[in-house]
Each structure stands twice: as C-alpha cells, then as structure tokens.
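Heads up, data_19.txt below (compact mmCIF, C-alpha atoms and all ligand atoms):
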# COMPACT_ATOMS: atom_id res chain seq x y z
CA MET A 1 -13.22 18.87 11.23
CA SER A 2 -9.51 18.35 10.84
CA LEU A 3 -7.15 15.47 10.75
CA THR A 4 -4.94 14.56 13.66
CA PRO A 5 -2.14 13.83 13.51
CA PRO A 6 -1.03 15.58 10.28
CA ILE A 7 0.80 13.33 7.83
CA ALA A 8 4.53 13.24 8.54
CA ALA A 9 7.14 11.85 6.17
CA GLY A 10 8.62 8.64 7.49
CA ALA A 11 6.04 8.26 10.26
CA ARG A 12 5.20 4.67 11.21
CA PRO A 13 1.59 3.44 10.89
CA VAL A 14 -0.26 3.95 14.13
CA GLU A 15 -2.70 1.09 14.68
CA THR A 16 -4.28 3.06 17.48
CA ALA A 17 -5.55 5.90 15.28
CA ASP A 18 -9.17 6.56 16.29
CA LEU A 19 -11.40 5.33 13.48
CA SER A 20 -14.58 4.91 15.51
CA ASP A 21 -16.34 7.61 13.51
CA LEU A 22 -15.94 5.97 10.07
CA ALA A 23 -19.42 4.38 10.08
CA GLY A 24 -21.01 7.68 11.05
CA LEU A 25 -19.13 9.53 8.31
CA ALA A 26 -20.23 6.97 5.72
CA GLU A 27 -23.86 7.26 6.83
CA LYS A 28 -23.72 11.02 6.60
CA ILE A 29 -22.28 11.02 3.08
CA PHE A 30 -24.86 8.49 1.82
CA ALA A 31 -27.74 10.47 3.35
CA ASP A 32 -26.50 13.85 2.07
CA VAL A 33 -25.84 12.58 -1.46
CA ALA A 34 -29.24 10.82 -1.57
CA ALA A 35 -30.83 14.14 -0.61
CA LEU A 36 -29.03 15.80 -3.57
CA SER A 37 -30.35 13.28 -6.09
CA PRO A 38 -33.92 12.21 -5.22
CA ASP A 39 -36.33 10.77 -7.77
CA VAL A 40 -39.88 9.40 -7.64
CA LEU A 41 -38.26 6.15 -6.56
CA GLY A 42 -34.65 5.83 -5.40
CA VAL A 43 -32.01 8.24 -6.69
CA SER A 44 -31.11 9.54 -10.14
CA ARG A 45 -27.65 10.89 -10.78
CA PRO A 46 -27.39 11.15 -14.56
CA ALA A 47 -23.98 10.86 -16.21
CA TYR A 48 -22.49 14.28 -17.04
CA SER A 49 -25.32 16.23 -15.42
CA THR A 50 -25.55 19.05 -12.88
CA VAL A 51 -26.66 16.53 -10.23
CA GLU A 52 -23.46 14.57 -10.84
CA THR A 53 -21.43 17.78 -10.58
CA GLU A 54 -23.21 18.73 -7.34
CA THR A 55 -22.38 15.29 -5.94
CA LEU A 56 -18.69 15.82 -6.74
CA ASP A 57 -18.86 19.35 -5.25
CA TYR A 58 -20.35 17.92 -2.05
CA LEU A 59 -17.63 15.25 -1.77
CA GLU A 60 -14.98 17.87 -2.47
CA THR A 61 -16.24 20.13 0.33
CA PHE A 62 -16.46 17.15 2.68
CA ALA A 63 -12.87 16.11 1.92
CA ARG A 64 -11.55 19.66 2.35
CA GLU A 65 -13.17 19.94 5.76
CA PHE A 66 -10.92 17.02 6.68
CA GLY A 67 -7.87 18.89 5.49
CA LEU A 68 -7.50 16.77 2.34
CA ARG A 69 -6.42 18.28 -0.97
CA THR A 70 -8.77 18.17 -3.95
CA TRP A 71 -8.78 19.01 -7.63
CA ARG A 72 -10.57 18.06 -10.85
CA ASP A 73 -8.69 16.12 -13.51
CA THR A 74 -8.95 16.92 -17.22
CA GLY A 75 -12.02 14.68 -17.45
CA GLU A 76 -13.69 16.76 -14.69
CA ASN A 77 -13.53 13.80 -12.30
CA LEU A 78 -12.80 14.57 -8.66
CA VAL A 79 -9.38 13.70 -7.22
CA ILE A 80 -8.84 13.72 -3.45
CA ALA A 81 -5.30 13.56 -2.03
CA ALA A 82 -3.54 13.54 1.33
CA PRO A 83 -2.47 16.91 2.74
CA GLY A 84 1.20 16.22 1.95
CA ASP A 85 0.49 15.12 -1.63
CA THR A 86 1.27 18.40 -3.36
CA SER A 87 2.46 17.30 -6.83
CA PRO A 88 -0.55 16.31 -8.92
CA GLU A 89 1.75 15.28 -11.79
CA ALA A 90 3.72 12.77 -9.67
CA PRO A 91 3.04 9.03 -10.08
CA CYS A 92 0.23 7.85 -7.82
CA GLY A 93 -2.30 5.11 -7.26
CA TYR A 94 -6.07 5.45 -7.15
CA PHE A 95 -8.84 3.96 -5.09
CA GLY A 96 -12.23 4.91 -6.51
CA SER A 97 -15.42 4.26 -8.41
CA HIS A 98 -18.23 6.25 -10.05
CA VAL A 99 -20.82 8.66 -8.64
CA ASP A 100 -23.52 8.50 -11.32
CA SER A 101 -26.47 6.11 -10.98
CA VAL A 102 -29.07 4.53 -13.25
CA PRO A 103 -32.47 6.31 -13.42
CA GLN A 104 -34.37 5.64 -10.17
CA GLY A 105 -31.49 3.50 -8.98
CA GLY A 106 -29.94 2.68 -5.63
CA ASN A 107 -27.64 4.94 -3.64
CA PHE A 108 -24.79 2.44 -3.25
CA ASP A 109 -23.91 1.40 -6.81
CA GLY A 110 -20.71 3.35 -7.44
CA LEU A 111 -20.98 5.77 -4.52
CA ALA A 112 -20.06 3.02 -2.02
CA GLY A 113 -16.69 2.67 -3.78
CA VAL A 114 -15.99 6.40 -3.60
CA VAL A 115 -16.98 6.56 0.08
CA ALA A 116 -14.83 3.51 0.93
CA ALA A 117 -11.86 5.05 -0.89
CA LEU A 118 -12.32 8.35 0.94
CA LEU A 119 -12.59 6.64 4.34
CA THR A 120 -9.46 4.61 3.55
CA LEU A 121 -7.52 7.77 2.75
CA ILE A 122 -8.79 9.45 5.93
CA ALA A 123 -7.75 6.38 7.98
CA LEU A 124 -4.28 6.25 6.40
CA VAL A 125 -3.65 9.94 6.98
CA ARG A 126 -4.81 9.66 10.58
CA GLU A 127 -2.51 6.75 11.31
CA GLY A 128 0.33 8.69 9.70
CA ALA A 129 1.09 5.91 7.23
CA PRO A 130 4.03 6.92 5.04
CA MET A 131 3.05 6.88 1.37
CA ARG A 132 5.93 6.67 -1.05
CA VAL A 133 3.41 6.28 -3.84
CA PRO A 134 0.60 8.67 -2.95
CA LEU A 135 -2.85 7.14 -2.68
CA ARG A 136 -5.59 9.29 -4.20
CA VAL A 137 -9.34 8.95 -4.35
CA LEU A 138 -10.85 9.07 -7.83
CA ALA A 139 -14.57 9.89 -8.03
CA LEU A 140 -15.45 9.18 -11.63
CA ARG A 141 -18.29 10.51 -13.74
CA GLY A 142 -20.37 8.71 -16.32
CA GLU A 143 -20.21 4.96 -15.73
CA GLU A 144 -23.81 3.90 -16.27
CA SER A 145 -24.89 3.01 -19.81
CA ALA A 146 -28.52 3.93 -19.07
CA TRP A 147 -27.99 7.59 -20.01
CA PHE A 148 -26.10 7.56 -23.31
CA GLY A 149 -26.08 3.86 -24.20
CA ASN A 150 -22.36 3.58 -23.43
CA ALA A 151 -20.83 2.38 -20.20
CA TYR A 152 -17.58 3.56 -18.51
CA MET A 153 -17.53 6.91 -20.33
CA GLY A 154 -15.51 8.61 -17.58
CA SER A 155 -12.74 6.03 -17.51
CA GLN A 156 -12.79 5.49 -21.29
CA ALA A 157 -12.24 9.24 -21.75
CA LEU A 158 -9.19 9.08 -19.45
CA PHE A 159 -7.56 6.48 -21.70
CA GLY A 160 -8.57 8.09 -25.00
CA ARG A 161 -11.04 5.37 -25.81
CA LEU A 162 -14.28 7.30 -26.26
CA GLY A 163 -14.86 7.05 -29.98
CA GLU A 164 -16.79 9.40 -32.24
CA LYS A 165 -19.78 7.07 -32.22
CA ALA A 166 -20.06 7.14 -28.42
CA LEU A 167 -19.57 10.91 -28.29
CA SER A 168 -22.38 11.53 -30.77
CA THR A 169 -24.92 9.29 -29.00
CA ARG A 170 -27.92 11.22 -27.69
CA ARG A 171 -29.07 11.12 -24.10
CA ARG A 172 -32.04 8.84 -23.39
CA ASP A 173 -34.41 11.83 -23.22
CA GLY A 174 -33.04 13.16 -26.52
CA ARG A 175 -31.46 16.14 -24.78
CA GLY A 176 -28.14 16.58 -26.59
CA THR A 177 -25.24 14.24 -27.22
CA LEU A 178 -22.64 12.83 -24.84
CA ALA A 179 -20.11 15.33 -26.25
CA ASP A 180 -22.55 18.21 -25.50
CA ALA A 181 -23.11 16.97 -21.93
CA MET A 182 -19.36 16.58 -21.34
CA ARG A 183 -18.68 20.06 -22.70
CA GLU A 184 -21.39 21.50 -20.43
CA THR A 185 -19.62 20.07 -17.38
CA GLY A 186 -16.58 22.11 -18.36
CA ILE A 187 -14.44 19.51 -20.11
CA ALA A 188 -12.19 20.79 -22.89
CA MET A 189 -13.19 18.25 -25.54
CA GLU A 190 -10.35 18.57 -28.09
CA ARG A 191 -8.17 15.77 -26.72
CA ILE A 192 -11.12 13.47 -26.04
CA GLU A 193 -12.43 14.02 -29.56
CA ALA A 194 -8.98 13.34 -30.97
CA GLY A 195 -8.87 10.04 -29.04
CA GLU A 196 -5.91 11.23 -26.95
CA PRO A 197 -5.45 9.83 -23.45
CA LEU A 198 -5.93 12.40 -20.69
CA VAL A 199 -3.61 10.55 -18.34
CA ASP A 200 -0.12 9.12 -18.48
CA THR A 201 -0.89 5.43 -17.92
CA GLU A 202 2.68 4.78 -16.77
CA LYS A 203 2.14 7.10 -13.84
CA ILE A 204 -0.89 5.22 -12.53
CA ARG A 205 0.69 2.60 -10.29
CA PHE A 206 -2.56 0.89 -9.28
CA PHE A 207 -6.34 1.18 -9.32
CA LEU A 208 -8.58 -0.46 -6.74
CA GLU A 209 -12.35 -0.29 -6.97
CA LEU A 210 -14.75 -1.34 -4.26
CA HIS A 211 -18.26 -2.04 -5.56
CA ILE A 212 -21.41 -3.52 -4.11
CA GLU A 213 -21.93 -7.05 -5.39
CA GLN A 214 -24.81 -6.93 -7.85
CA GLY A 215 -25.51 -10.66 -7.59
CA PRO A 216 -26.55 -12.84 -4.62
CA VAL A 217 -23.35 -14.79 -3.85
CA LEU A 218 -21.98 -12.85 -0.86
CA VAL A 219 -25.36 -12.78 0.88
CA GLU A 220 -25.87 -16.52 0.32
CA ARG A 221 -22.37 -17.37 1.49
CA GLN A 222 -22.42 -14.87 4.36
CA TRP A 223 -19.24 -13.17 3.22
CA PRO A 224 -19.07 -9.43 4.02
CA VAL A 225 -16.44 -8.88 1.31
CA ALA A 226 -14.76 -10.80 -1.50
CA ALA A 227 -11.83 -10.23 -3.83
CA VAL A 228 -12.79 -10.08 -7.50
CA THR A 229 -10.72 -12.32 -9.76
CA GLY A 230 -11.72 -10.85 -13.10
CA ILE A 231 -14.48 -9.11 -14.97
CA ARG A 232 -16.41 -11.24 -17.39
CA GLY A 233 -16.49 -10.40 -21.04
CA ASN A 234 -19.42 -11.46 -23.17
CA VAL A 235 -20.69 -12.50 -26.55
CA ARG A 236 -24.21 -11.42 -27.36
CA HIS A 237 -26.80 -12.02 -30.00
CA ARG A 238 -29.76 -9.70 -29.60
CA GLU A 239 -31.92 -11.66 -32.03
CA VAL A 240 -31.55 -15.20 -33.31
CA GLN A 241 -34.34 -16.63 -35.42
CA CYS A 242 -35.32 -20.26 -35.60
CA ILE A 243 -37.36 -20.93 -38.69
CA GLY A 244 -39.44 -24.10 -38.99
CA GLN A 245 -42.88 -24.62 -40.42
CA ALA A 246 -46.27 -23.68 -38.98
CA GLY A 247 -49.00 -26.35 -38.91
CA HIS A 248 -52.17 -27.67 -37.30
CA SER A 249 -51.41 -28.90 -33.80
CA GLY A 250 -53.72 -31.88 -34.16
CA ALA A 251 -53.06 -32.92 -37.72
CA VAL A 252 -49.26 -33.10 -38.05
CA PRO A 253 -47.53 -36.19 -36.60
CA ARG A 254 -44.28 -35.85 -34.68
CA TRP A 255 -42.05 -37.09 -37.51
CA LEU A 256 -43.34 -34.43 -39.90
CA ARG A 257 -43.16 -31.50 -37.53
CA ARG A 258 -40.72 -28.62 -37.90
CA ASP A 259 -41.46 -26.97 -34.57
CA ALA A 260 -39.34 -23.84 -33.94
CA VAL A 261 -40.04 -23.72 -30.20
CA PHE A 262 -39.05 -27.36 -29.64
CA ALA A 263 -35.90 -26.84 -31.71
CA THR A 264 -34.91 -23.70 -29.83
CA SER A 265 -35.67 -25.32 -26.46
CA GLU A 266 -33.47 -28.26 -27.37
CA LEU A 267 -30.68 -25.91 -28.39
CA ILE A 268 -30.84 -24.09 -25.08
CA MET A 269 -30.93 -27.31 -23.06
CA ARG A 270 -27.93 -28.66 -25.00
CA MET A 271 -26.04 -25.44 -24.25
CA ASP A 272 -27.05 -25.77 -20.60
CA ASP A 273 -25.45 -29.26 -20.57
CA HIS A 274 -22.25 -27.83 -22.06
CA TRP A 275 -22.35 -25.08 -19.43
CA ALA A 276 -22.55 -27.69 -16.65
CA THR A 277 -19.61 -29.59 -18.18
CA ILE A 278 -17.48 -26.46 -18.54
CA GLN A 279 -18.21 -25.57 -14.95
CA GLN A 280 -17.37 -29.09 -13.73
CA HIS A 281 -13.96 -28.62 -15.33
CA GLY A 282 -13.41 -25.38 -13.49
CA GLY A 283 -14.36 -23.06 -16.34
CA ASP A 284 -16.16 -19.79 -15.77
CA LEU A 285 -19.39 -19.22 -17.69
CA VAL A 286 -22.90 -17.83 -17.34
CA LEU A 287 -25.55 -18.21 -20.00
CA THR A 288 -28.85 -16.38 -20.52
CA ALA A 289 -31.60 -16.36 -23.14
CA GLY A 290 -33.60 -13.45 -21.75
CA ILE A 291 -35.79 -12.97 -24.80
CA PHE A 292 -37.64 -16.02 -26.10
CA GLN A 293 -40.79 -15.55 -28.13
CA THR A 294 -43.12 -16.57 -30.91
CA ASP A 295 -44.84 -13.88 -32.97
CA PRO A 296 -47.87 -12.79 -30.89
CA ALA A 297 -49.74 -11.75 -34.04
CA ARG A 298 -49.66 -15.31 -35.34
CA HIS A 299 -49.10 -17.66 -32.45
CA ALA A 300 -51.95 -19.75 -31.07
CA MET A 301 -52.40 -22.64 -28.69
CA SER A 302 -53.37 -24.91 -31.58
CA ARG A 303 -50.70 -23.81 -34.05
CA ILE A 304 -47.29 -25.47 -34.36
CA PRO A 305 -44.91 -22.51 -34.12
CA GLY A 306 -43.13 -21.98 -37.42
CA GLU A 307 -40.86 -19.32 -36.03
CA CYS A 308 -39.23 -18.46 -32.73
CA THR A 309 -36.84 -15.65 -31.86
CA PHE A 310 -34.50 -15.51 -28.90
CA SER A 311 -31.54 -13.66 -27.47
CA PHE A 312 -28.33 -15.40 -26.52
CA GLU A 313 -25.77 -14.07 -24.10
CA ALA A 314 -22.74 -15.88 -22.70
CA ARG A 315 -20.29 -14.30 -20.27
CA SER A 316 -16.95 -15.59 -19.08
CA GLN A 317 -13.72 -14.41 -17.51
CA ASP A 318 -11.88 -16.29 -20.20
CA SER A 319 -12.00 -15.27 -23.86
CA GLY A 320 -10.99 -18.82 -24.88
CA THR A 321 -14.05 -20.24 -23.12
CA LEU A 322 -16.26 -17.70 -24.88
CA ARG A 323 -14.82 -18.57 -28.28
CA ALA A 324 -15.16 -22.32 -27.64
CA PHE A 325 -18.73 -21.87 -26.44
CA GLU A 326 -19.63 -19.94 -29.59
CA GLU A 327 -18.23 -22.80 -31.67
CA LEU A 328 -20.30 -25.29 -29.66
CA LEU A 329 -23.40 -23.17 -30.22
CA LYS A 330 -22.90 -23.20 -33.97
CA SER A 331 -22.24 -26.93 -34.13
CA GLU A 332 -25.29 -27.74 -31.98
CA CYS A 333 -27.37 -25.53 -34.30
CA ARG A 334 -26.20 -27.57 -37.31
CA ILE A 335 -27.16 -30.85 -35.62
CA ILE A 336 -30.60 -29.59 -34.56
CA GLU A 337 -31.19 -28.08 -38.00
CA ARG A 338 -30.65 -31.54 -39.53
CA GLU A 339 -32.65 -33.46 -36.95
CA ARG A 340 -35.59 -31.12 -36.65
CA ARG A 341 -35.47 -29.60 -40.13
CA VAL A 342 -35.33 -26.01 -38.99
CA LYS A 343 -32.93 -23.15 -39.72
CA PHE A 344 -31.18 -20.87 -37.20
CA VAL A 345 -30.41 -17.37 -38.46
CA PHE A 346 -27.98 -15.33 -36.32
CA ASP A 347 -27.56 -11.56 -36.21
CA GLU A 348 -24.03 -10.20 -35.89
CA ALA A 349 -22.47 -11.00 -32.52
CA VAL A 350 -21.52 -8.13 -30.22
CA ARG A 351 -18.46 -8.94 -28.11
CA SER A 352 -16.72 -7.39 -25.15
CA ASP A 353 -13.40 -8.68 -23.85
CA PRO A 354 -12.94 -10.04 -20.34
CA ALA A 355 -10.67 -8.01 -18.07
CA GLU A 356 -8.09 -9.79 -16.01
CA LEU A 357 -7.44 -8.28 -12.62
CA ASP A 358 -3.91 -8.21 -11.21
CA PRO A 359 -3.19 -11.57 -9.48
CA ALA A 360 -0.89 -9.86 -6.97
CA MET A 361 -3.70 -7.48 -6.08
CA VAL A 362 -6.18 -10.37 -5.68
CA ASP A 363 -3.64 -11.99 -3.37
CA ALA A 364 -3.10 -8.82 -1.36
CA ILE A 365 -6.87 -8.44 -0.88
CA LEU A 366 -7.23 -12.07 0.28
CA LYS A 367 -4.34 -11.70 2.73
CA ALA A 368 -5.74 -8.43 4.07
CA ALA A 369 -9.19 -10.00 4.52
CA SER A 370 -7.65 -12.85 6.52
CA ALA A 371 -5.71 -10.42 8.66
CA GLU A 372 -8.97 -8.57 9.37
CA GLY A 373 -10.57 -11.85 10.48
CA LEU A 374 -12.86 -11.95 7.45
CA PRO A 375 -13.43 -14.87 5.05
CA ALA A 376 -10.80 -14.69 2.29
CA GLU A 377 -12.81 -15.56 -0.78
CA ALA A 378 -12.62 -14.65 -4.46
CA ILE A 379 -15.33 -14.56 -7.12
CA PRO A 380 -15.58 -13.21 -10.66
CA SER A 381 -17.57 -10.12 -11.51
CA GLY A 382 -20.44 -10.72 -13.90
CA ALA A 383 -21.14 -7.04 -14.35
CA GLY A 384 -18.77 -4.59 -16.01
CA HIS A 385 -16.99 -1.86 -14.04
CA ASP A 386 -14.58 1.05 -14.55
CA ALA A 387 -11.92 -1.31 -13.16
CA ALA A 388 -12.10 -3.25 -16.46
CA ILE A 389 -11.05 -0.13 -18.40
CA PHE A 390 -8.06 0.47 -16.11
CA ALA A 391 -7.06 -3.21 -16.32
CA GLN A 392 -7.34 -3.20 -20.13
CA ALA A 393 -5.14 -0.08 -20.23
CA GLY A 394 -2.43 -2.05 -18.41
CA VAL A 395 -2.85 -0.53 -14.93
CA PRO A 396 -2.45 -3.15 -12.14
CA THR A 397 -6.06 -3.28 -11.04
CA GLY A 398 -7.98 -4.89 -8.20
CA MET A 399 -11.59 -5.02 -7.09
CA ILE A 400 -13.35 -5.71 -3.83
CA PHE A 401 -17.01 -6.65 -3.62
CA VAL A 402 -19.04 -5.77 -0.58
CA ARG A 403 -22.18 -7.67 0.40
CA ASN A 404 -25.43 -6.16 -0.88
CA ARG A 405 -29.02 -7.41 -0.75
CA ASN A 406 -31.81 -7.10 -3.31
CA GLY A 407 -29.62 -6.82 -6.40
CA SER A 408 -28.64 -3.53 -7.97
CA HIS A 409 -29.83 -0.86 -10.40
CA ASN A 410 -32.95 -0.55 -8.25
CA PRO A 411 -33.88 1.54 -5.19
CA ASP A 412 -33.83 -1.52 -2.90
CA GLU A 413 -30.05 -2.06 -2.98
CA HIS A 414 -29.12 -2.71 0.62
CA MET A 415 -25.61 -2.61 2.00
CA GLU A 416 -24.86 -2.66 5.73
CA ILE A 417 -22.53 0.19 6.74
CA GLU A 418 -20.81 -2.35 8.99
CA ASP A 419 -19.80 -4.35 5.90
CA LEU A 420 -18.47 -1.21 4.22
CA VAL A 421 -16.36 -0.39 7.28
CA ALA A 422 -15.04 -3.98 7.27
CA ALA A 423 -14.07 -3.49 3.63
CA VAL A 424 -12.28 -0.25 4.53
CA GLY A 425 -10.23 -2.28 7.00
CA VAL A 426 -9.18 -4.52 4.11
CA MET A 427 -8.47 -1.55 1.85
CA ARG A 428 -6.28 0.10 4.51
CA ARG A 429 -4.06 -2.96 4.65
CA VAL A 430 -3.87 -3.26 0.88
CA ALA A 431 -3.10 0.45 0.61
CA ARG A 432 -0.22 0.22 3.08
CA ASP A 433 1.40 -2.40 0.83
CA LEU A 434 0.70 -0.61 -2.41
CA THR A 435 1.94 2.79 -1.31
CA GLN A 436 5.35 1.50 -0.21
ZN ZN B 1 -21.52 0.61 -10.65
Output the structure of this file as structure tokens.
Ligand SMILES: [Zn+2]
Amino acid sequence: MSLTPPIAAGARPVETADLSDLAGLAEKIFADVAALSPDVLGVSRPAYSTVETETLDYLETFAREFGLRTWRDTGENLVIAAPGDTSPEAPCGYFGSHVDSVPQGGNFDGLAGVVAALLTLIALVREGAPMRVPLRVLALRGEESAWFGNAYMGSQALFGRLGEKALSTRRRDGRGTLADAMRETGIAMERIEAGEPLVDTEKIRFFLELHIEQGPVLVERQWPVAAVTGIRGNVRHREVQCIGQAGHSGAVPRWLRRDAVFATSELIMRMDDHWATIQQHGGDLVLTAGIFQTDPARHAMSRIPGECTFSFEARSQDSGTLRAFEELLKSECRIIERERRVKFVFDEAVRSDPAELDPAMVDAILKAASAEGLPAEAIPSGAGHDAAIFAQAGVPTGMIFVRNRNGSHNPDEHMEIEDLVAAVGVMRRVARDLTQ
C-alpha cells in the first residue's frame, strides 16, 4: 500500500482524491485490533500493558504501509505524521484519542477516535492538502480509570499532571503500581515523577478528539455526528447519611415520625425540581443518586427507617452552576432537617472541573458538518475525555461525537462504519482550516 499522490508543498486540495476505501480500512483496523485484545466478553486492552503496546505496534505498521511517518513520544504514545512532516520538534496539531479499553469493554471507545484521525490524515495526504501546521495522529495510552483508578493517565503525563498519588496506585489485580507499568512500557519516568511536562504546550496548536457518544442522544435524534460544546465537571458525594429515628410502622403517627427514607426522598425530589428550573433557564446539569439504601441488617417492612445512606453526583459544563447547586443542596437539607427532624451528614465532596472546548473549534465543526450535508448540532459531553486535559492545559481543543448504540464500556457498543466515515468527512474540512 502506498499513497498517491505524494504530498507536495503548495499543492491545492484535490476534492477528487479516491477515498472509496476508507470504510474498508476502518473495518480492517477494528477487526485486527479486536483480534489482538479478546476477552471472555468484548475486548480488554489494559492501560500500560503489552496488549496496549501491541495495539500501538499494529497501528504503527499499518500507517507505515501507507507511507506515513511514525514515532513514539516521551510518554510512549504513538505519533503518526505525513510523509513530508520530518521535524518532530516543529509546532503541530493533533487529532487523536486513546487505545486502551475497560475490562471486557467495547472495541470503539477510544479506538474509533484514533482510526478516524488516521483516516483523516490519509485523506489529507491523498488530496495533497498543503499543511502549514502539520496535522499528526496521537494514539494515547492509559485513559480508562478501570485499571489504576485514575483516568487520562496518558494525557496527564504529557502535561506533567500525574501526581505521586496516582503513580503509586496499584493495578486492579494488585499487579504493581502505575509507575511500574509505565516503566515496563519503556517510559523514562524521571520527568513524569518530577511533575515535568513532556511536551511544550505552546507548540501544540490544536487537539481534536473524535469519540463515540456514550449516551443515547445522537441515536434518539438521528444525528450521525455532533460537535461537543464542553466536558462536564462534577461534584460528588460517595456517601451521605440521613439520620432520623427508627420506630414501629403501625404505632407512630405521622407527626411524630422521623423517617430517613421520606426525608431523603423529599430532598432528591426538591433537587429534581431545581434541576428542571435550571434547565428551563438554559443551564446545563445532570443529577444522579445511584446509591440509595437502608441498612439491610436492620431494615424491615414494618420498621420506620431511622437511617438512609445515598450518593449524590451533579455534573455540569459550568462550574458556577455546580457551585450554586451545591448551595441549594445544603439549604434544602437545612429545611428538611427542621421539618422532618432528621440530620444529613455529608462526606467530603470530590470535585472535578468542567473543561471548556474552543468556541472557534465548535464553530468549525458545525460549519464542516453543514458542508457535508449533515445535521449541525452541538451537545455537551457528560463523560470525561483526554480532550479535557488538553483544554485545561490551554490547547485549543475540539471534540466530535459519533453516533453509537447500546451505551459504552460494554461489549455491545455499536457504531456504524458509515457514521465514522461521515465524521472523517467533517474532520477533513476542519483539518484543512486548522492546518493553514
Ligand atoms: Zn474513551
């Protein structure tokens, strides 16, 4: 396999470049990589593992067969460049995503973004698009938190943000720490351990990540792709206790009850009302209480629950909304505590900041989608992605979602190759703008 025509400086984009094989190439890569990483169900590509390295090796060989240049960066991520892009130290922009997966996960989470980036680069080189800022593909390691309890390890390492605590976390099967696993993949750990960035942020002109949507919106709306406006941050309480008083379900009248389940339910319904109001005013918020329980050792059908524990998670693109919502939560707790004579006890909140994506990039994606005859729509991302780390480091960052059925982090993820190829069409147009 080789690329025709070779890239020529100053050449004009050729719309007629033959791209009819892109779907076939994508199918081949997905099938070959799935075969490298099988599990009882789905695929497993652990972060900083030999399977992950073999996946990068495979992609590297594939890219080289197309005449593209490849190398590993100091974080042992794979970089793929156009044939004429011979100065790795020169400023550049990246399209990319991660290659690791959750245990027994789907084949598209992460990998779809790397494949789309690679196909975009192949298309641009074929059409002879001049690239004043070289576009490179970045295939990142270590994004999934399932392995070491930390997410975005590959991109955090690039920006010197992997702290000592993260590096000393053990793998889920107890087999060594993150630092051990990184060292085993060949990374020289001194700079990472010293918290030094591995890249010159100034030289990264843009980062664009395509990712499968992990929620149901694109399927429901029948949109093949969407621009992502921002990545939600969150505030989380793993365990909140509501303490009331246990009693006989038949003997205690309503006015003397201190029912922890009723109090907690009221709290959640009040927060749901606030959520609806915030949304009506155009605010972005999602709210979940995924754990909600009474003590199984003591609870009974005929016992007024004296205690209830629950988790509380709010996510928003806007840190102001998150802060305001936390205030509302506390004030509603005080009211319910008075009215129902209970007590809410909160654990320490864990927070992560929202990441704002570059408005110009969102715009460019919407325009490109229109030009490709696709719906030009934008939605926030509820899940975190490497793109958030690039955005937080100050790199102009964009994201494209591609339609995907059956959710994510499971073997049933389902993306149509046709949708991926449509997204590559969008990415080609965006890339032409960005590389000028
Ligand atoms: Zn992912």
Polymer residues at most 9 Å from A:Arg172, only C-alpha atoms, same-chain spacing of 6 or more positions, as number ranges by chain | A: 146-149
Give me, please, the distance in Å between atom CA of A:Ser381 and atom CA of A:Asn404, quoted to one decimal.
-> 13.8 Å
If you count all atoms listed in the file, which residues end up within 7 Å of ligand ZN 1 (chain B), as a list in words?
->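 Residues lying within 7 Å of ligand ZN 1 (chain B): His98, Asp109, Gly110, Glu143, Glu144, His211 and His385 of chain A.
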Atom CA of A:Ile187 to atom CA of A:Gln392, straight-line distance in Å =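 Between atom CA of A:Gln392 and atom CA of A:Ile187 the gap is 23.8 Å.
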Could you check which of A:Asn410, A:Thr321, A:Ser49, A:Ser37 is closest to A:Asn234, using all atoms listed in the file?
->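 Looking at the shortest contact to A:Asn234, the residue is A:Thr321.
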With a distance cut-off of 10 Å and only C-alpha atoms, select the neighbouring residues of A:Leu56, excluding the residue or stretch itself and same-chain residues fewer than 4 positions from it, and output the selection as a ChimeraX atom specification.
-> /A:33,50-52,60-62,72,76-79,99-100,139-141
Stretch 174-177 of chain A: which residues within 12 Å, counting only C-alpha atoms, same-chain residues fewer than 6 positions away excluded, as a list in words?
->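 In the requested form, the answer reads Ala47, Tyr48, Ser49, Trp147, Phe148, Gly149, Asn150, Glu164, Lys165, Ala166, Leu167, Ser168, Arg183 and Glu184 of chain A.
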Determine, for each residue of stretch 360-415 of chain A having at least one atom at most 6 Å from an atom of stretch 214-223 of chain A, the closest pair of atoms and their separation in Å to one decimal, counting only C-alpha atoms; order by chain and ascending number, as a tab-separated table.
residue	atom	partner	partner_atom	distance
A:Arg403	CA	A:Leu218	CA	5.3
A:Gly407	CA	A:Gln214	CA	5.0
A:Ser408	CA	A:Gln214	CA	5.1
Hey, which of A:Ala227, A:Ala324, A:Ala276, A:Met271 ends up closest to A:Glu377? Count only C-alpha atoms.
->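 For A:Glu377, the nearest of the candidates is A:Ala227.
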Polymer residues at most 7 Å from (-32.3, 8.8, -4.7) by only C-alpha atoms, as a PyMOL selection string = chain A and resi 34-35+37-39+41-44+104-107
Only C-alpha atoms, please: the residues just picked out, written as a PDB file, in the frame of the given file.
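As written to disk, again.pdb reads:
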ATOM      1  CA  ALA A  34     -29.240  10.820  -1.570  1.00  0.00           C
ATOM      2  CA  ALA A  35     -30.830  14.140  -0.610  1.00  0.00           C
ATOM      3  CA  SER A  37     -30.350  13.280  -6.090  1.00  0.00           C
ATOM      4  CA  PRO A  38     -33.920  12.210  -5.220  1.00  0.00           C
ATOM      5  CA  ASP A  39     -36.330  10.770  -7.770  1.00  0.00           C
ATOM      6  CA  LEU A  41     -38.260   6.150  -6.560  1.00  0.00           C
ATOM      7  CA  GLY A  42     -34.650   5.830  -5.400  1.00  0.00           C
ATOM      8  CA  VAL A  43     -32.010   8.240  -6.690  1.00  0.00           C
ATOM      9  CA  SER A  44     -31.110   9.540 -10.140  1.00  0.00           C
ATOM     10  CA  GLN A 104     -34.370   5.640 -10.170  1.00  0.00           C
ATOM     11  CA  GLY A 105     -31.490   3.500  -8.980  1.00  0.00           C
ATOM     12  CA  GLY A 106     -29.940   2.680  -5.630  1.00  0.00           C
ATOM     13  CA  ASN A 107     -27.640   4.940  -3.640  1.00  0.00           C
TER      14      ASN A 107
END
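Using only C-alpha atoms, the nearest neighbour of A:Gly283 within the list A:Leu357, A:Leu322, A:Val261, A:Leu434 is A:Leu322.
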Surrounding residues of A:Ile389 excluding itself and chain neighbours under 3 positions, 8 Å, only C-alpha atoms, as a PyMOL selection string | chain A and resi 152+155-156+355+385-386+392-393
Who sits within 10 Å of A:Lys343, only C-alpha atoms, same chain under 5 positions skipped, as a VMD selection string = chain A and resid 241 to 244 258 260 263 307 333 to 334 336 to 338
Nearest candidate to A:Phe344 (options A:Leu420, A:Met182, A:Cys308, A:Ala116; using all atoms listed in the file) |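 Distance minimum relative to A:Phe344 lands on A:Cys308.
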Length of the atom CA of A:Ala360 to atom CA of A:Arg232 vector [Å] |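 Between these atoms lies a distance of 18.7 Å.
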Using all atoms listed in the file, which of the listed residues (A:Lys203, A:Arg351, A:Arg126, A:Arg64) sits closest to A:Cys92?
->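 Going through A:Lys203, A:Arg351, A:Arg126, A:Arg64 one by one, the smallest distance to A:Cys92 is for A:Lys203.
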